[in-house]
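Comments concern the structure below.
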Amino acid sequence: MTSQENRRITDLGTLKAISHPLRMRLYRALHVARTATASQLAEQVDEAVSLVSYHLRKLAEHGLIQEAEVQSADGRERWWELSSYGLEIRDEDVRGTPEMAAASDALGRAVNEQRTELHRRFLDERLTWSDEWRSAAISSEWLPRLTAPELAALGRELDALLKKYDQAARAAEAAGDTEGRENVAVHLHGFPYRGGPR
């Protein structure tokens, strides 16, 4: 069963394993599907089943995903699920080692590219969504002047709020309340910068 806690990544091998762009896409797809087979995930990421199976095994080797209870009559199929609620990479765990810092940067860039692609897809398909969904979509930017401790506190509060909504939605869905539910991406960035946009 998937742990309800985030998995804190502190070793280079695991960080490199999840930094691979296809593995990150598979991890995200599995997060959305909750449980899936390599065949189902291969369709979602438009890759060969054998390649997807290989990358799923690599994710499993590092404890990022695990085998799930079989969801069909075909007992030969392997079902997969995430092993934790999410992933956590802290700066203090990577800053002392150049290899860890480089792998963390690679992961950050891969995640950012995938986030940008998800948002771009929404913008391209925006008019295909109902008025209700278009009105509900959020696009905002805040540029406050904060201290590092204030930014850290803001991040913790936003994380707790989003987790509350996610867990309530999962519980409602598990109870059969699926009407009108869609996958929703909420991307938050909070970072210091100097000067204006380039």
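Identifiers in the structure tokens: chain A, B, ... in order shown; residue index from 1 per chain; ligand index from 1 in order shown.
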Determine, for each residue of segment 70-186 of chain A having at least one atom at most 8 Å from an atom of segment 20-34 of chain A, the closest pair of atoms and their separation in Å to one decimal, counting only C-alpha atoms; order by chain and ascending number, as CSV.
residue,atom,partner,partner_atom,distance
A:Trp80,CA,A:Leu30,CA,7.7
A:Glu81,CA,A:Arg34,CA,6.0
A:Leu82,CA,A:His31,CA,6.6
A:Leu107,CA,A:His20,CA,7.5
A:Ala110,CA,A:Pro21,CA,5.8
A:Val111,CA,A:Met24,CA,7.4
A:Gln114,CA,A:Arg25,CA,7.8
A:Asn183,CA,A:Val32,CA,7.2
Go ahead and save the residues from that selection, with N, CA and C atoms, as an mmCIF file, in the first residue's frame.
data_model
loop_
_atom_site.group_PDB
_atom_site.id
_atom_site.type_symbol
_atom_site.label_atom_id
_atom_site.label_comp_id
_atom_site.auth_asym_id
_atom_site.auth_seq_id
_atom_site.Cartn_x
_atom_site.Cartn_y
_atom_site.Cartn_z
ATOM 1 N N TRP A 80 1.338 -1.612 -10.957
ATOM 2 C CA TRP A 80 2.259 -0.750 -10.230
ATOM 3 C C TRP A 80 1.507 0.370 -9.536
ATOM 4 N N GLU A 81 2.106 0.872 -8.449
ATOM 5 C CA GLU A 81 1.592 2.041 -7.749
ATOM 6 C C GLU A 81 2.780 2.799 -7.163
ATOM 7 N N LEU A 82 2.555 4.048 -6.798
ATOM 8 C CA LEU A 82 3.603 4.807 -6.132
ATOM 9 C C LEU A 82 3.846 4.202 -4.757
ATOM 10 N N LEU A 107 16.699 17.198 -12.388
ATOM 11 C CA LEU A 107 15.323 16.854 -12.050
ATOM 12 C C LEU A 107 14.440 18.093 -12.074
ATOM 13 N N ALA A 110 13.682 19.004 -15.648
ATOM 14 C CA ALA A 110 12.756 18.055 -16.276
ATOM 15 C C ALA A 110 11.333 18.274 -15.768
ATOM 16 N N VAL A 111 11.190 18.470 -14.463
ATOM 17 C CA VAL A 111 9.866 18.715 -13.882
ATOM 18 C C VAL A 111 9.300 20.017 -14.429
ATOM 19 N N GLN A 114 8.000 19.596 -17.949
ATOM 20 C CA GLN A 114 6.738 18.866 -17.979
ATOM 21 C C GLN A 114 5.594 19.730 -17.463
ATOM 22 N N ASN A 183 -8.509 15.590 -13.598
ATOM 23 C CA ASN A 183 -7.148 15.778 -13.105
ATOM 24 C C ASN A 183 -6.860 17.272 -13.136
#
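Distance check against His189 of chain A using only C-alpha atoms: of A:Gly155, A:Ala172, A:Lys163, A:Asp124, the minimum falls on A:Gly155.
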DSSP-assigned alpha helix (DSSP H) members of segment 67-157 of chain A, reported as a ChimeraX atom specification: /A:91-94,98-125,131-136,148-157
Given the selection you just returned, output its residues as a file containing N, CA and C atoms, formatted as a compact mmCIF listing (two decimals), in the first residue's frame.
# COMPACT_ATOMS: atom_id res chain seq x y z
N ASP A 91 17.18 21.06 -0.18
CA ASP A 91 18.47 21.65 -0.56
C ASP A 91 19.60 21.16 0.34
N GLU A 92 19.33 21.01 1.63
CA GLU A 92 20.40 20.58 2.54
C GLU A 92 20.90 19.18 2.26
N ASP A 93 20.11 18.38 1.55
CA ASP A 93 20.52 17.02 1.22
C ASP A 93 21.38 16.95 -0.04
N VAL A 94 21.38 18.01 -0.84
CA VAL A 94 22.11 17.97 -2.11
C VAL A 94 23.24 18.99 -2.21
N PRO A 98 28.63 17.99 -5.42
CA PRO A 98 28.36 18.49 -6.77
C PRO A 98 27.49 17.54 -7.60
N GLU A 99 27.71 16.22 -7.46
CA GLU A 99 26.91 15.26 -8.23
C GLU A 99 25.44 15.30 -7.82
N MET A 100 25.19 15.43 -6.50
CA MET A 100 23.80 15.52 -6.01
C MET A 100 23.16 16.81 -6.49
N ALA A 101 23.91 17.91 -6.42
CA ALA A 101 23.38 19.20 -6.86
C ALA A 101 23.05 19.16 -8.35
N ALA A 102 23.93 18.55 -9.16
CA ALA A 102 23.69 18.46 -10.61
C ALA A 102 22.46 17.60 -10.91
N ALA A 103 22.33 16.48 -10.20
CA ALA A 103 21.17 15.61 -10.42
C ALA A 103 19.89 16.30 -9.99
N SER A 104 19.94 17.04 -8.89
CA SER A 104 18.77 17.79 -8.43
C SER A 104 18.38 18.86 -9.44
N ASP A 105 19.39 19.56 -9.99
CA ASP A 105 19.11 20.56 -11.02
C ASP A 105 18.49 19.92 -12.26
N ALA A 106 19.00 18.76 -12.66
CA ALA A 106 18.45 18.05 -13.83
C ALA A 106 16.99 17.68 -13.58
N LEU A 107 16.70 17.20 -12.39
CA LEU A 107 15.32 16.85 -12.05
C LEU A 107 14.44 18.09 -12.07
N GLY A 108 14.92 19.18 -11.48
CA GLY A 108 14.15 20.42 -11.47
C GLY A 108 13.81 20.91 -12.86
N ARG A 109 14.79 20.80 -13.77
CA ARG A 109 14.54 21.24 -15.15
C ARG A 109 13.55 20.31 -15.86
N ALA A 110 13.68 19.00 -15.65
CA ALA A 110 12.76 18.05 -16.28
C ALA A 110 11.33 18.27 -15.77
N VAL A 111 11.19 18.47 -14.46
CA VAL A 111 9.87 18.71 -13.88
C VAL A 111 9.30 20.02 -14.43
N ASN A 112 10.12 21.06 -14.50
CA ASN A 112 9.64 22.34 -15.00
C ASN A 112 9.20 22.24 -16.46
N GLU A 113 9.95 21.52 -17.28
CA GLU A 113 9.55 21.34 -18.68
C GLU A 113 8.20 20.63 -18.77
N GLN A 114 8.00 19.60 -17.95
CA GLN A 114 6.74 18.87 -17.98
C GLN A 114 5.59 19.73 -17.46
N ARG A 115 5.86 20.53 -16.45
CA ARG A 115 4.82 21.45 -15.95
C ARG A 115 4.44 22.46 -17.02
N THR A 116 5.45 23.01 -17.69
CA THR A 116 5.20 23.98 -18.74
C THR A 116 4.38 23.36 -19.87
N GLU A 117 4.70 22.11 -20.23
CA GLU A 117 3.96 21.42 -21.28
C GLU A 117 2.50 21.19 -20.87
N LEU A 118 2.27 20.82 -19.61
CA LEU A 118 0.89 20.63 -19.14
C LEU A 118 0.11 21.95 -19.25
N HIS A 119 0.73 23.05 -18.83
CA HIS A 119 0.04 24.34 -18.89
C HIS A 119 -0.17 24.78 -20.34
N ARG A 120 0.83 24.56 -21.18
CA ARG A 120 0.70 24.90 -22.60
C ARG A 120 -0.46 24.12 -23.23
N ARG A 121 -0.56 22.84 -22.86
CA ARG A 121 -1.66 22.02 -23.40
C ARG A 121 -3.01 22.56 -22.96
N PHE A 122 -3.11 22.99 -21.68
CA PHE A 122 -4.37 23.58 -21.23
C PHE A 122 -4.69 24.84 -22.03
N LEU A 123 -3.70 25.70 -22.24
CA LEU A 123 -3.94 26.93 -23.00
C LEU A 123 -4.38 26.61 -24.43
N ASP A 124 -3.74 25.61 -25.05
CA ASP A 124 -4.10 25.23 -26.41
C ASP A 124 -5.52 24.65 -26.49
N GLU A 125 -5.93 23.93 -25.43
CA GLU A 125 -7.23 23.25 -25.43
C GLU A 125 -8.28 23.97 -24.59
N ASP A 131 -17.45 26.23 -19.59
CA ASP A 131 -17.34 27.56 -18.98
C ASP A 131 -16.96 27.43 -17.50
N GLU A 132 -17.55 26.43 -16.83
CA GLU A 132 -17.29 26.23 -15.41
C GLU A 132 -15.80 25.95 -15.15
N TRP A 133 -15.21 25.06 -15.97
CA TRP A 133 -13.80 24.73 -15.79
C TRP A 133 -12.91 25.90 -16.17
N ARG A 134 -13.25 26.62 -17.23
CA ARG A 134 -12.44 27.78 -17.62
C ARG A 134 -12.47 28.85 -16.54
N SER A 135 -13.62 29.04 -15.92
CA SER A 135 -13.73 30.03 -14.84
C SER A 135 -13.01 29.57 -13.58
N ALA A 136 -12.96 28.26 -13.36
CA ALA A 136 -12.31 27.73 -12.16
C ALA A 136 -10.79 27.73 -12.27
N ALA A 148 13.69 34.86 3.89
CA ALA A 148 13.76 33.42 3.64
C ALA A 148 12.86 32.64 4.61
N PRO A 149 12.82 32.95 5.91
CA PRO A 149 11.91 32.22 6.80
C PRO A 149 10.43 32.43 6.44
N GLU A 150 10.08 33.64 5.98
CA GLU A 150 8.68 33.88 5.58
C GLU A 150 8.32 33.05 4.35
N LEU A 151 9.24 32.98 3.39
CA LEU A 151 8.98 32.16 2.20
C LEU A 151 8.85 30.69 2.59
N ALA A 152 9.70 30.21 3.49
CA ALA A 152 9.61 28.81 3.95
C ALA A 152 8.27 28.56 4.63
N ALA A 153 7.81 29.49 5.46
CA ALA A 153 6.52 29.34 6.15
C ALA A 153 5.37 29.34 5.13
N LEU A 154 5.44 30.23 4.15
CA LEU A 154 4.42 30.27 3.10
C LEU A 154 4.36 28.93 2.38
N GLY A 155 5.51 28.37 2.04
CA GLY A 155 5.54 27.07 1.36
C GLY A 155 4.90 25.98 2.18
N ARG A 156 5.18 25.96 3.49
CA ARG A 156 4.58 24.94 4.36
C ARG A 156 3.07 25.08 4.41
N GLU A 157 2.58 26.34 4.51
CA GLU A 157 1.13 26.57 4.57
C GLU A 157 0.45 26.16 3.27
Polymer residues at most 12 Å from Arg181 of chain A, only C-alpha atoms, same-chain spacing of 5 or more positions, as a PyMOL selection string: chain A and resi 133+166+169-170+172-173+176
